[in-house]
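One file, target_18.cif, is given below (mmCIF, C-alpha atoms and all ligand atoms).
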```cif
data_start
#
loop_
_atom_site.label_atom_id
_atom_site.label_comp_id
_atom_site.auth_asym_id
_atom_site.auth_seq_id
_atom_site.Cartn_x
_atom_site.Cartn_y
_atom_site.Cartn_z
CA MET Z 1 -7.26 10.11 10.64
CA ARG Z 2 -7.17 10.41 6.88
CA SER Z 3 -10.25 9.49 4.92
CA LYS Z 4 -10.17 6.28 2.90
CA ILE Z 5 -11.49 6.11 -0.63
CA THR Z 6 -11.78 2.94 -2.71
CA VAL Z 7 -12.06 3.01 -6.47
CA VAL Z 8 -13.34 -0.26 -7.96
CA GLY Z 9 -12.13 -0.71 -11.53
CA ALA Z 10 -8.61 0.35 -12.42
CA GLY Z 11 -9.37 1.05 -16.07
CA PHE Z 12 -9.30 4.43 -17.77
CA VAL Z 13 -11.84 6.20 -15.57
CA GLY Z 14 -10.83 4.46 -12.33
CA SER Z 15 -7.08 4.95 -12.60
CA THR Z 16 -7.36 8.55 -13.80
CA LEU Z 17 -9.61 9.25 -10.82
CA VAL Z 18 -7.15 7.63 -8.41
CA GLN Z 19 -4.37 9.82 -9.79
CA ARG Z 20 -6.49 12.94 -9.31
CA LEU Z 21 -7.43 11.87 -5.77
CA ALA Z 22 -3.83 11.14 -4.75
CA GLU Z 23 -2.82 14.60 -5.92
CA ARG Z 24 -5.60 16.12 -3.75
CA ASP Z 25 -3.73 14.71 -0.72
CA TYR Z 26 -6.79 14.47 1.55
CA ALA Z 27 -7.32 10.71 1.60
CA ASP Z 28 -5.64 7.35 1.22
CA VAL Z 29 -6.80 5.61 -1.91
CA VAL Z 30 -7.29 1.93 -2.69
CA MET Z 31 -7.68 0.85 -6.31
CA PHE Z 32 -9.32 -2.57 -6.82
CA ASP Z 33 -9.52 -4.60 -10.02
CA ILE Z 34 -9.96 -8.27 -10.89
CA VAL Z 35 -7.00 -8.23 -13.30
CA PRO Z 36 -4.02 -9.66 -11.39
CA ASN Z 37 -1.13 -7.26 -10.66
CA MET Z 38 -2.44 -4.44 -12.85
CA PRO Z 39 -3.90 -2.24 -10.06
CA GLN Z 40 -0.79 -2.90 -7.96
CA GLY Z 41 1.43 -1.71 -10.82
CA LYS Z 42 -0.60 1.42 -11.51
CA ALA Z 43 -0.82 2.25 -7.79
CA LEU Z 44 2.91 1.91 -7.24
CA ASP Z 45 3.63 4.11 -10.25
CA MET Z 46 1.29 6.80 -8.86
CA LEU Z 47 2.73 6.53 -5.36
CA GLU Z 48 6.18 7.20 -6.75
CA ALA Z 49 4.92 10.52 -8.13
CA GLY Z 50 4.32 11.66 -4.53
CA PRO Z 51 7.83 12.98 -3.81
CA VAL Z 52 7.80 14.96 -7.06
CA LEU Z 53 4.31 16.41 -6.68
CA GLY Z 54 4.41 16.65 -2.90
CA PHE Z 55 1.54 14.42 -1.81
CA ASP Z 56 1.55 11.91 1.04
CA SER Z 57 -1.61 9.98 0.14
CA GLN Z 58 -1.10 6.25 0.29
CA VAL Z 59 -2.10 4.60 -2.98
CA THR Z 60 -2.69 0.86 -2.83
CA GLY Z 61 -3.56 -1.44 -5.72
CA THR Z 62 -5.25 -4.72 -4.93
CA ASN Z 63 -7.21 -7.76 -6.08
CA SER Z 64 -8.53 -8.38 -2.57
CA TYR Z 65 -11.58 -6.66 -1.09
CA GLU Z 66 -10.04 -7.01 2.35
CA ASP Z 67 -7.80 -4.04 1.52
CA THR Z 68 -10.88 -1.88 0.95
CA VAL Z 69 -12.23 -2.41 4.46
CA GLY Z 70 -13.77 0.60 6.20
CA SER Z 71 -13.76 2.94 3.20
CA ASP Z 72 -15.58 6.25 3.60
CA ILE Z 73 -16.34 6.47 -0.11
CA VAL Z 74 -16.40 3.72 -2.73
CA VAL Z 75 -16.52 4.65 -6.41
CA ILE Z 76 -17.72 1.93 -8.80
CA THR Z 77 -16.16 2.27 -12.25
CA SER Z 78 -15.89 -1.44 -13.00
CA GLY Z 79 -17.59 -2.62 -16.16
CA PHE Z 80 -17.54 -2.44 -19.93
CA PRO Z 81 -17.34 0.84 -21.80
CA ARG Z 82 -19.20 1.13 -25.11
CA LYS Z 83 -17.71 0.91 -28.57
CA PRO Z 84 -18.58 3.10 -31.58
CA GLY Z 85 -22.13 2.45 -32.75
CA MET Z 86 -23.33 1.25 -29.33
CA SER Z 87 -25.58 3.14 -26.95
CA ARG Z 88 -24.86 3.14 -23.21
CA ASP Z 89 -28.04 1.12 -22.75
CA ASP Z 90 -26.52 -1.77 -24.74
CA LEU Z 91 -24.20 -2.37 -21.75
CA VAL Z 92 -26.99 -3.03 -19.29
CA LYS Z 93 -26.94 -6.82 -19.03
CA LYS Z 94 -23.14 -7.23 -18.94
CA ASN Z 95 -22.62 -4.45 -16.43
CA GLN Z 96 -25.59 -5.43 -14.25
CA GLU Z 97 -23.75 -8.58 -13.25
CA ILE Z 98 -20.52 -6.73 -12.45
CA VAL Z 99 -22.11 -3.86 -10.51
CA SER Z 100 -24.29 -6.25 -8.56
CA GLN Z 101 -21.31 -8.39 -7.45
CA VAL Z 102 -19.21 -5.36 -6.62
CA THR Z 103 -21.97 -3.75 -4.56
CA GLU Z 104 -22.31 -6.90 -2.44
CA GLN Z 105 -18.61 -6.70 -1.60
CA VAL Z 106 -18.89 -3.00 -0.78
CA VAL Z 107 -21.68 -3.74 1.68
CA THR Z 108 -19.60 -6.46 3.34
CA TYR Z 109 -16.37 -4.49 3.66
CA SER Z 110 -17.54 -0.87 3.87
CA PRO Z 111 -21.07 -0.91 5.29
CA ASP Z 112 -21.00 2.78 6.23
CA SER Z 113 -19.58 4.05 2.95
CA ILE Z 114 -21.01 6.47 0.44
CA ILE Z 115 -21.18 4.77 -2.98
CA ILE Z 116 -20.64 6.80 -6.13
CA VAL Z 117 -21.65 4.86 -9.25
CA VAL Z 118 -19.98 5.63 -12.59
CA THR Z 119 -20.54 2.44 -14.63
CA ASN Z 120 -23.00 2.76 -17.53
CA PRO Z 121 -25.85 2.82 -18.21
CA LEU Z 122 -25.50 5.19 -15.31
CA ASP Z 123 -28.98 5.72 -13.91
CA ALA Z 124 -29.87 2.02 -14.12
CA MET Z 125 -26.60 1.02 -12.45
CA ALA Z 126 -27.18 3.54 -9.64
CA GLN Z 127 -30.68 2.10 -9.16
CA LEU Z 128 -29.13 -1.37 -9.00
CA ALA Z 129 -26.45 -0.39 -6.46
CA HIS Z 130 -29.12 1.28 -4.31
CA LYS Z 131 -31.30 -1.84 -4.42
CA VAL Z 132 -28.50 -4.36 -3.82
CA SER Z 133 -26.82 -2.35 -1.05
CA GLY Z 134 -29.94 -1.45 0.85
CA PHE Z 135 -28.16 1.81 1.73
CA PRO Z 136 -30.27 4.94 2.22
CA ARG Z 137 -30.50 7.16 -0.84
CA GLU Z 138 -28.16 9.69 0.79
CA ARG Z 139 -25.33 7.20 0.35
CA VAL Z 140 -25.80 5.97 -3.23
CA ILE Z 141 -25.17 8.64 -5.85
CA GLY Z 142 -24.66 8.44 -9.60
CA MET Z 143 -22.16 10.57 -11.52
CA ALA Z 144 -23.37 11.96 -14.84
CA GLY Z 145 -24.82 15.44 -14.50
CA VAL Z 146 -21.53 17.08 -13.55
CA LEU Z 147 -19.98 15.66 -16.72
CA ASP Z 148 -22.89 16.52 -19.00
CA THR Z 149 -22.98 20.03 -17.51
CA ALA Z 150 -19.21 20.40 -17.97
CA ARG Z 151 -19.61 19.58 -21.65
CA PHE Z 152 -22.45 22.10 -22.00
CA ARG Z 153 -20.36 24.75 -20.22
CA THR Z 154 -17.34 24.01 -22.42
CA PHE Z 155 -19.31 24.51 -25.63
CA ILE Z 156 -21.03 27.69 -24.38
CA ALA Z 157 -17.71 29.19 -23.25
CA GLN Z 158 -16.19 28.42 -26.66
CA GLU Z 159 -19.18 29.94 -28.42
CA VAL Z 160 -19.07 33.29 -26.63
CA GLY Z 161 -15.32 33.43 -25.95
CA ALA Z 162 -15.79 33.48 -22.16
CA SER Z 163 -14.03 31.79 -19.27
CA VAL Z 164 -15.58 28.42 -18.43
CA LYS Z 165 -15.67 29.67 -14.84
CA ASP Z 166 -18.22 32.30 -15.80
CA VAL Z 167 -20.59 29.79 -17.39
CA GLN Z 168 -23.27 28.32 -15.11
CA ALA Z 169 -25.56 25.58 -16.33
CA TYR Z 170 -27.58 22.51 -15.39
CA VAL Z 171 -28.12 19.32 -17.32
CA LEU Z 172 -30.82 17.19 -15.73
CA GLY Z 173 -32.43 13.82 -16.51
CA GLY Z 174 -30.93 10.47 -17.39
CA HIS Z 175 -27.41 10.09 -18.76
CA GLY Z 176 -28.50 9.20 -22.26
CA ASP Z 177 -30.06 10.57 -25.42
CA THR Z 178 -32.97 12.04 -23.45
CA MET Z 179 -30.88 14.19 -21.06
CA VAL Z 180 -32.23 17.69 -20.48
CA PRO Z 181 -29.76 20.59 -20.79
CA LEU Z 182 -31.61 23.52 -19.22
CA SER Z 183 -30.60 26.29 -21.61
CA ARG Z 184 -33.12 28.69 -19.99
CA LEU Z 185 -31.04 28.67 -16.80
CA CYS Z 186 -27.64 28.80 -18.48
CA THR Z 187 -25.83 32.08 -17.89
CA VAL Z 188 -22.48 33.68 -18.69
CA ALA Z 189 -21.45 35.90 -15.76
CA GLY Z 190 -25.11 36.08 -14.82
CA ILE Z 191 -26.34 36.97 -18.33
CA PRO Z 192 -28.86 34.47 -19.78
CA ILE Z 193 -27.41 32.87 -22.92
CA ALA Z 194 -30.57 33.73 -24.88
CA GLN Z 195 -29.22 37.32 -24.84
CA LEU Z 196 -25.84 36.21 -26.22
CA ILE Z 197 -26.44 33.30 -28.60
CA SER Z 198 -29.11 32.70 -31.25
CA ALA Z 199 -31.83 30.17 -30.49
CA GLU Z 200 -30.67 28.06 -33.42
CA ARG Z 201 -27.07 27.89 -32.15
CA ILE Z 202 -28.25 27.11 -28.63
CA GLU Z 203 -30.23 24.16 -29.98
CA GLN Z 204 -27.13 22.89 -31.82
CA ILE Z 205 -25.06 23.16 -28.63
CA VAL Z 206 -27.76 21.36 -26.65
CA GLN Z 207 -27.68 18.53 -29.17
CA ARG Z 208 -23.88 18.37 -29.12
CA THR Z 209 -24.09 18.10 -25.33
CA ARG Z 210 -26.55 15.21 -25.58
CA ASP Z 211 -24.17 13.50 -28.00
CA GLY Z 212 -21.07 14.46 -25.98
CA GLY Z 213 -20.18 10.94 -24.89
CA ALA Z 214 -20.72 9.47 -28.35
CA GLU Z 215 -18.54 12.20 -29.92
CA ILE Z 216 -15.60 11.02 -27.81
CA VAL Z 217 -16.36 7.31 -28.36
CA LYS Z 218 -16.27 7.89 -32.12
CA LEU Z 219 -12.95 9.76 -31.93
CA LEU Z 220 -11.25 7.25 -29.62
CA GLY Z 221 -12.49 4.20 -31.50
CA THR Z 222 -11.74 1.82 -28.63
CA GLY Z 223 -13.34 3.11 -25.45
CA SER Z 224 -15.01 6.14 -23.95
CA ALA Z 225 -14.16 9.41 -22.22
CA TYR Z 226 -12.20 9.43 -18.97
CA PHE Z 227 -10.45 12.77 -18.35
CA ALA Z 228 -13.64 14.81 -17.91
CA PRO Z 229 -15.52 11.91 -16.25
CA SER Z 230 -12.80 11.45 -13.61
CA ALA Z 231 -12.66 15.22 -13.00
CA SER Z 232 -16.43 15.18 -12.49
CA VAL Z 233 -16.28 12.40 -9.88
CA LEU Z 234 -13.49 14.32 -8.17
CA GLN Z 235 -15.70 17.38 -7.78
CA MET Z 236 -18.37 15.25 -6.11
CA ILE Z 237 -15.79 13.72 -3.75
CA ASP Z 238 -14.33 17.16 -2.93
CA SER Z 239 -17.75 18.31 -1.80
CA ILE Z 240 -18.26 15.20 0.35
CA ILE Z 241 -14.78 14.91 1.92
CA LEU Z 242 -14.46 18.65 2.55
CA ASP Z 243 -18.18 18.97 3.46
CA LYS Z 244 -18.48 21.85 1.00
CA LYS Z 245 -22.23 21.43 0.41
CA MET Z 246 -21.89 22.27 -3.27
CA ILE Z 247 -25.01 21.89 -5.38
CA MET Z 248 -24.48 19.90 -8.54
CA PRO Z 249 -26.55 17.64 -10.76
CA CYS Z 250 -26.21 13.96 -9.82
CA ALA Z 251 -28.31 10.86 -10.29
CA ALA Z 252 -30.39 10.56 -7.12
CA TYR Z 253 -33.21 8.29 -6.00
CA LEU Z 254 -36.30 10.44 -6.23
CA GLN Z 255 -39.14 10.05 -3.78
CA GLY Z 256 -41.72 12.34 -5.29
CA GLU Z 257 -39.40 15.26 -6.10
CA TYR Z 258 -40.02 16.57 -9.61
CA GLY Z 259 -43.12 14.35 -9.62
CA ILE Z 260 -40.92 11.23 -9.97
CA GLU Z 261 -41.16 8.31 -7.56
CA GLY Z 262 -38.76 5.47 -6.83
CA LEU Z 263 -36.29 6.13 -9.65
CA TYR Z 264 -32.73 7.38 -10.19
CA VAL Z 265 -32.68 10.49 -12.36
CA GLY Z 266 -30.24 13.41 -12.62
CA VAL Z 267 -31.32 16.38 -10.51
CA PRO Z 268 -29.48 19.08 -8.53
CA VAL Z 269 -28.41 17.82 -5.10
CA LYS Z 270 -26.43 19.27 -2.21
CA LEU Z 271 -23.38 17.11 -1.48
CA GLY Z 272 -21.78 17.17 1.96
CA ALA Z 273 -20.21 14.84 4.52
CA LYS Z 274 -23.39 12.74 4.72
CA GLY Z 275 -23.66 12.35 0.94
CA ILE Z 276 -26.84 13.75 -0.57
CA GLU Z 277 -27.98 16.29 2.01
CA GLU Z 278 -30.80 17.75 -0.06
CA VAL Z 279 -32.53 17.23 -3.38
CA VAL Z 280 -32.90 20.75 -4.74
CA GLU Z 281 -36.11 21.39 -6.63
CA ILE Z 282 -35.86 24.01 -9.36
CA GLU Z 283 -39.13 25.31 -10.70
CA LEU Z 284 -39.38 24.00 -14.25
CA THR Z 285 -41.51 25.17 -17.15
CA PRO Z 286 -44.19 22.73 -18.40
CA LYS Z 287 -41.98 21.90 -21.42
CA GLU Z 288 -38.93 21.21 -19.21
CA LYS Z 289 -41.07 19.05 -16.92
CA GLU Z 290 -42.29 17.08 -19.91
CA LEU Z 291 -38.70 16.49 -21.11
CA LEU Z 292 -37.57 15.41 -17.64
CA GLN Z 293 -40.51 13.01 -17.38
CA LYS Z 294 -39.66 11.57 -20.80
CA SER Z 295 -36.09 11.04 -19.66
CA ALA Z 296 -37.28 9.39 -16.45
CA ASP Z 297 -39.52 7.08 -18.51
CA ALA Z 298 -36.46 5.97 -20.52
CA VAL Z 299 -34.61 5.15 -17.27
CA LYS Z 300 -37.67 3.24 -16.01
CA GLU Z 301 -37.71 1.09 -19.15
CA LEU Z 302 -34.07 0.18 -18.65
CA VAL Z 303 -34.61 -0.64 -14.99
CA ALA Z 304 -37.39 -2.98 -16.11
CA VAL Z 305 -34.92 -4.76 -18.43
CA MET Z 306 -32.78 -5.52 -15.37
CA GLY Z 307 -35.77 -7.10 -13.66
CA ILE Z 308 -35.11 -5.48 -10.29
N1 LIG Z 401 -21.20 7.96 -15.71
C1 LIG Z 401 -20.48 8.51 -16.65
O1 LIG Z 401 -20.65 9.68 -16.97
C2 LIG Z 401 -19.40 7.72 -17.32
C3 LIG Z 401 -19.41 6.35 -17.24
N2 LIG Z 401 -18.42 5.62 -17.83
C4 LIG Z 401 -18.51 4.16 -17.67
O2 LIG Z 401 -17.52 3.75 -16.72
C5 LIG Z 401 -17.18 2.39 -16.96
C6 LIG Z 401 -15.66 2.23 -17.00
O3 LIG Z 401 -15.11 2.90 -18.11
P1 LIG Z 401 -13.54 2.77 -18.43
O4 LIG Z 401 -12.78 2.99 -17.19
O5 LIG Z 401 -13.27 3.59 -19.62
O6 LIG Z 401 -13.47 1.21 -18.84
P2 LIG Z 401 -12.16 0.27 -18.75
O7 LIG Z 401 -12.47 -0.93 -19.60
O8 LIG Z 401 -10.93 1.06 -19.03
O9 LIG Z 401 -12.10 -0.17 -17.22
C7 LIG Z 401 -13.04 -1.01 -16.62
C8 LIG Z 401 -12.28 -1.84 -15.59
O10 LIG Z 401 -13.23 -2.60 -14.84
C9 LIG Z 401 -12.58 -3.82 -14.49
N3 LIG Z 401 -13.54 -4.81 -14.07
C10 LIG Z 401 -14.36 -5.61 -14.80
N4 LIG Z 401 -15.10 -6.41 -14.00
C11 LIG Z 401 -14.74 -6.11 -12.73
C12 LIG Z 401 -15.16 -6.58 -11.46
N5 LIG Z 401 -16.09 -7.52 -11.34
N6 LIG Z 401 -14.58 -6.05 -10.37
C13 LIG Z 401 -13.65 -5.09 -10.47
N7 LIG Z 401 -13.21 -4.60 -11.65
C14 LIG Z 401 -13.76 -5.11 -12.76
C15 LIG Z 401 -11.82 -4.20 -15.75
O11 LIG Z 401 -10.81 -5.15 -15.47
C16 LIG Z 401 -11.28 -2.85 -16.19
O12 LIG Z 401 -9.99 -2.61 -15.66
C17 LIG Z 401 -17.90 2.00 -18.26
O13 LIG Z 401 -19.09 1.30 -17.97
C18 LIG Z 401 -18.20 3.34 -18.89
O14 LIG Z 401 -19.29 3.30 -19.78
C19 LIG Z 401 -17.40 6.21 -18.49
C20 LIG Z 401 -17.34 7.57 -18.58
C21 LIG Z 401 -18.35 8.43 -18.05
O1 LIG Z 402 -20.24 7.88 -23.64
C1 LIG Z 402 -19.93 6.92 -22.90
O2 LIG Z 402 -20.20 5.74 -23.14
C2 LIG Z 402 -19.22 7.25 -21.63
C3 LIG Z 402 -20.00 8.30 -20.96
O3 LIG Z 402 -20.98 8.02 -20.30
C4 LIG Z 402 -19.71 9.68 -21.31
O4 LIG Z 402 -18.59 10.00 -21.74
O5 LIG Z 402 -20.63 10.50 -21.17
#
```

Could you take the file, read its structure, and then write that structure out as structure tokens?
Amino acid sequence: MRSKITVVGAGFVGSTLVQRLAERDYADVVMFDIVPNMPQGKALDMLEAGPVLGFDSQVTGTNSYEDTVGSDIVVITSGFPRKPGMSRDDLVKKNQEIVSQVTEQVVTYSPDSIIIVVTNPLDAMAQLAHKVSGFPRERVIGMAGVLDTARFRTFIAQEVGASVKDVQAYVLGGHGDTMVPLSRLCTVAGIPIAQLISAERIEQIVQRTRDGGAEIVKLLGTGSAYFAPSASVLQMIDSIILDKKMIMPCAAYLQGEYGIEGLYVGVPVKLGAKGIEEVVEIELTPKEKELLQKSADAVKELVAVMGI
């Protein structure tokens, strides 16, 4: 039987993700939104691309959770995006209510699913979905690190004129101003970037990466990024559905790893059919540890604001 994937929120991130998933042709996809008719319209439009692109995935749009029943994976993209001048953290109260309600429905209709949280502020919303669902940490994962790392890789590839495929990197920590791009471990075809780029330029690229979301928000004027975010969720789903066991940075509930306890923070994890199959611990320098701890402290403060 085909896998079933539900995407909650048929906005920019959600609908772009559903399109990418349909074209993968490995699962049937349900797109849920509270706006009447809109997910149905977008789903039908995507379905009608099937004969042209050659996919047989069923794409269903709905306003009823009953259609999501028995999903293997549920992606939560429902919630407000930020506007220019706002930080992701400013969304916490409004999106807490939405993510909380949605998670309750996911538990009712897809109790064995793996939840991937996308709504911002990401780490806090992942913490919330984990708490509300009561699912084990293996099955509640936040998407941020793949996106932040993709931005870092893009800028490094541009800088040295290399293929993005040759650039390896990790961005750890929370999905906010305190994120930790690990430039020490960034390589181009195995060559450390310190041998290719000046320290000053690396620092500028690190800062551009930290500001990567805001750069797009400023350019768009009305919402936030969705092409690279949806591609990033897709890579996580590929690894789960195809049991590829790829290692990538995701927000995961830490239980002592990296010296952090009881908190969602971006770290490298192995993703397979069971969800998070391993939290991978990279040996960090004292400075990197300090930055990761600072980032975790920022997430902790936001979790406290939610009162959970
Ligand atoms: N984790 C990450 O790296 C990223 C996170 N985001 C976040 O993803 C979220 C969605 O972004 P966009 O798709 O651009 O926003 P959008 O405004 O285009 O779409 C959000 C959708 O959620 C729906 N919605 C609202 N309440 C709902 C509910 N209770 N149940 C179901 N659907 C509901 C809205 O009707 C809307 O269609 C935002 O919070 C944004 O900040 C965006 C990009 C990257
Ligand atoms: O910047 C935003 O608000 C959306 C997001 O998380 C990103 O693009 O990294």

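With distances taken over all atoms listed in the file, Z:Gly9 is the one residue among Z:Ser163, Z:Ile308, Z:Asn120, Z:Gly9 lying closest to Val35 of chain Z.
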
Closest contacts (segment 222-275 of chain Z/segment 294-304 of chain Z, max 12 Å, only C-alpha atoms) as CSV:
```
residue,atom,partner,partner_atom,distance
Z:Ala251,CA,Z:Ala296,CA,11.0
Z:Ala252,CA,Z:Ala296,CA,11.7
Z:Tyr253,CA,Z:Ala296,CA,11.3
Z:Leu254,CA,Z:Ala296,CA,10.3
Z:Tyr258,CA,Z:Ala296,CA,10.3
Z:Gly259,CA,Z:Ala296,CA,10.3
Z:Ile260,CA,Z:Ala296,CA,7.7
Z:Glu261,CA,Z:Ala296,CA,9.8
Z:Gly262,CA,Z:Lys300,CA,9.5
Z:Leu263,CA,Z:Lys300,CA,7.1
Z:Tyr264,CA,Z:Val299,CA,7.7
Z:Val265,CA,Z:Ala296,CA,6.3
Z:Gly266,CA,Z:Ala296,CA,9.0
Z:Val267,CA,Z:Ala296,CA,10.9
```

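Atom to atom, atom CA of Thr103 of chain Z and atom CA of Pro81 of chain Z stand 18.4 Å apart.
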
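Separating atom CA of Gln158 of chain Z from atom CA of Pro121 of chain Z is a distance of 28.6 Å.
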
Counting only C-alpha atoms and all ligand atoms, which residues of chain Z fall within 8 Å of ligand LIG 401 (chain Z), and what is the closest atom pair for each with its distance in Å at one decimal, ordered by chain and rising number, as JSON lines?
```
{"residue": "Z:Val8", "atom": "CA", "partner": "Z:LIG401", "partner_atom": "C13", "distance": 5.5}
{"residue": "Z:Gly9", "atom": "CA", "partner": "Z:LIG401", "partner_atom": "O10", "distance": 4.0}
{"residue": "Z:Ala10", "atom": "CA", "partner": "Z:LIG401", "partner_atom": "O12", "distance": 4.6}
{"residue": "Z:Gly11", "atom": "CA", "partner": "Z:LIG401", "partner_atom": "O9", "distance": 3.2}
{"residue": "Z:Phe12", "atom": "CA", "partner": "Z:LIG401", "partner_atom": "O4", "distance": 3.8}
{"residue": "Z:Val13", "atom": "CA", "partner": "Z:LIG401", "partner_atom": "O4", "distance": 3.7}
{"residue": "Z:Gly14", "atom": "CA", "partner": "Z:LIG401", "partner_atom": "O4", "distance": 5.4}
{"residue": "Z:Ser15", "atom": "CA", "partner": "Z:LIG401", "partner_atom": "O4", "distance": 7.6}
{"residue": "Z:Phe32", "atom": "CA", "partner": "Z:LIG401", "partner_atom": "C13", "distance": 6.2}
{"residue": "Z:Asp33", "atom": "CA", "partner": "Z:LIG401", "partner_atom": "N7", "distance": 4.0}
{"residue": "Z:Ile34", "atom": "CA", "partner": "Z:LIG401", "partner_atom": "C13", "distance": 4.9}
{"residue": "Z:Val35", "atom": "CA", "partner": "Z:LIG401", "partner_atom": "O11", "distance": 5.4}
{"residue": "Z:Thr77", "atom": "CA", "partner": "Z:LIG401", "partner_atom": "C6", "distance": 4.8}
{"residue": "Z:Ser78", "atom": "CA", "partner": "Z:LIG401", "partner_atom": "O10", "distance": 3.4}
{"residue": "Z:Gly79", "atom": "CA", "partner": "Z:LIG401", "partner_atom": "O10", "distance": 4.6}
{"residue": "Z:Phe80", "atom": "CA", "partner": "Z:LIG401", "partner_atom": "O13", "distance": 4.5}
{"residue": "Z:Pro81", "atom": "CA", "partner": "Z:LIG401", "partner_atom": "O14", "distance": 3.7}
{"residue": "Z:Arg82", "atom": "CA", "partner": "Z:LIG401", "partner_atom": "O14", "distance": 5.8}
{"residue": "Z:Arg88", "atom": "CA", "partner": "Z:LIG401", "partner_atom": "O14", "distance": 6.5}
{"residue": "Z:Leu91", "atom": "CA", "partner": "Z:LIG401", "partner_atom": "O13", "distance": 7.3}
{"residue": "Z:Asn95", "atom": "CA", "partner": "Z:LIG401", "partner_atom": "O13", "distance": 6.9}
{"residue": "Z:Glu97", "atom": "CA", "partner": "Z:LIG401", "partner_atom": "N5", "distance": 8.0}
{"residue": "Z:Ile98", "atom": "CA", "partner": "Z:LIG401", "partner_atom": "N5", "distance": 4.6}
{"residue": "Z:Val99", "atom": "CA", "partner": "Z:LIG401", "partner_atom": "N5", "distance": 7.1}
{"residue": "Z:Gln101", "atom": "CA", "partner": "Z:LIG401", "partner_atom": "N5", "distance": 6.6}
{"residue": "Z:Val102", "atom": "CA", "partner": "Z:LIG401", "partner_atom": "N6", "distance": 6.0}
{"residue": "Z:Val117", "atom": "CA", "partner": "Z:LIG401", "partner_atom": "N1", "distance": 7.2}
{"residue": "Z:Val118", "atom": "CA", "partner": "Z:LIG401", "partner_atom": "N1", "distance": 4.1}
{"residue": "Z:Thr119", "atom": "CA", "partner": "Z:LIG401", "partner_atom": "O13", "distance": 3.8}
{"residue": "Z:Asn120", "atom": "CA", "partner": "Z:LIG401", "partner_atom": "O13", "distance": 4.2}
{"residue": "Z:Pro121", "atom": "CA", "partner": "Z:LIG401", "partner_atom": "O14", "distance": 6.8}
{"residue": "Z:Leu122", "atom": "CA", "partner": "Z:LIG401", "partner_atom": "N1", "distance": 5.1}
{"residue": "Z:Gly142", "atom": "CA", "partner": "Z:LIG401", "partner_atom": "N1", "distance": 7.0}
{"residue": "Z:Met143", "atom": "CA", "partner": "Z:LIG401", "partner_atom": "N1", "distance": 5.0}
{"residue": "Z:Ala144", "atom": "CA", "partner": "Z:LIG401", "partner_atom": "O1", "distance": 4.1}
{"residue": "Z:Gly145", "atom": "CA", "partner": "Z:LIG401", "partner_atom": "O1", "distance": 7.5}
{"residue": "Z:Leu147", "atom": "CA", "partner": "Z:LIG401", "partner_atom": "O1", "distance": 6.0}
{"residue": "Z:Asp148", "atom": "CA", "partner": "Z:LIG401", "partner_atom": "O1", "distance": 7.5}
{"residue": "Z:His175", "atom": "CA", "partner": "Z:LIG401", "partner_atom": "O1", "distance": 7.0}
{"residue": "Z:Gly213", "atom": "CA", "partner": "Z:LIG401", "partner_atom": "C21", "distance": 7.5}
{"residue": "Z:Gly223", "atom": "CA", "partner": "Z:LIG401", "partner_atom": "O5", "distance": 5.9}
{"residue": "Z:Ser224", "atom": "CA", "partner": "Z:LIG401", "partner_atom": "O5", "distance": 5.3}
{"residue": "Z:Ala225", "atom": "CA", "partner": "Z:LIG401", "partner_atom": "C20", "distance": 5.2}
{"residue": "Z:Tyr226", "atom": "CA", "partner": "Z:LIG401", "partner_atom": "C20", "distance": 5.5}
{"residue": "Z:Ala228", "atom": "CA", "partner": "Z:LIG401", "partner_atom": "C21", "distance": 7.9}
{"residue": "Z:Pro229", "atom": "CA", "partner": "Z:LIG401", "partner_atom": "C21", "distance": 4.8}
{"residue": "Z:Ser230", "atom": "CA", "partner": "Z:LIG401", "partner_atom": "C21", "distance": 7.7}
```

**Study point:** Residue with smallest distance to Met248 of chain Z - pool Z:Asp67, Z:Asp72, Z:Asp211, Z:Glu281, counting all atoms listed in the file
**Key:** Z:Glu281
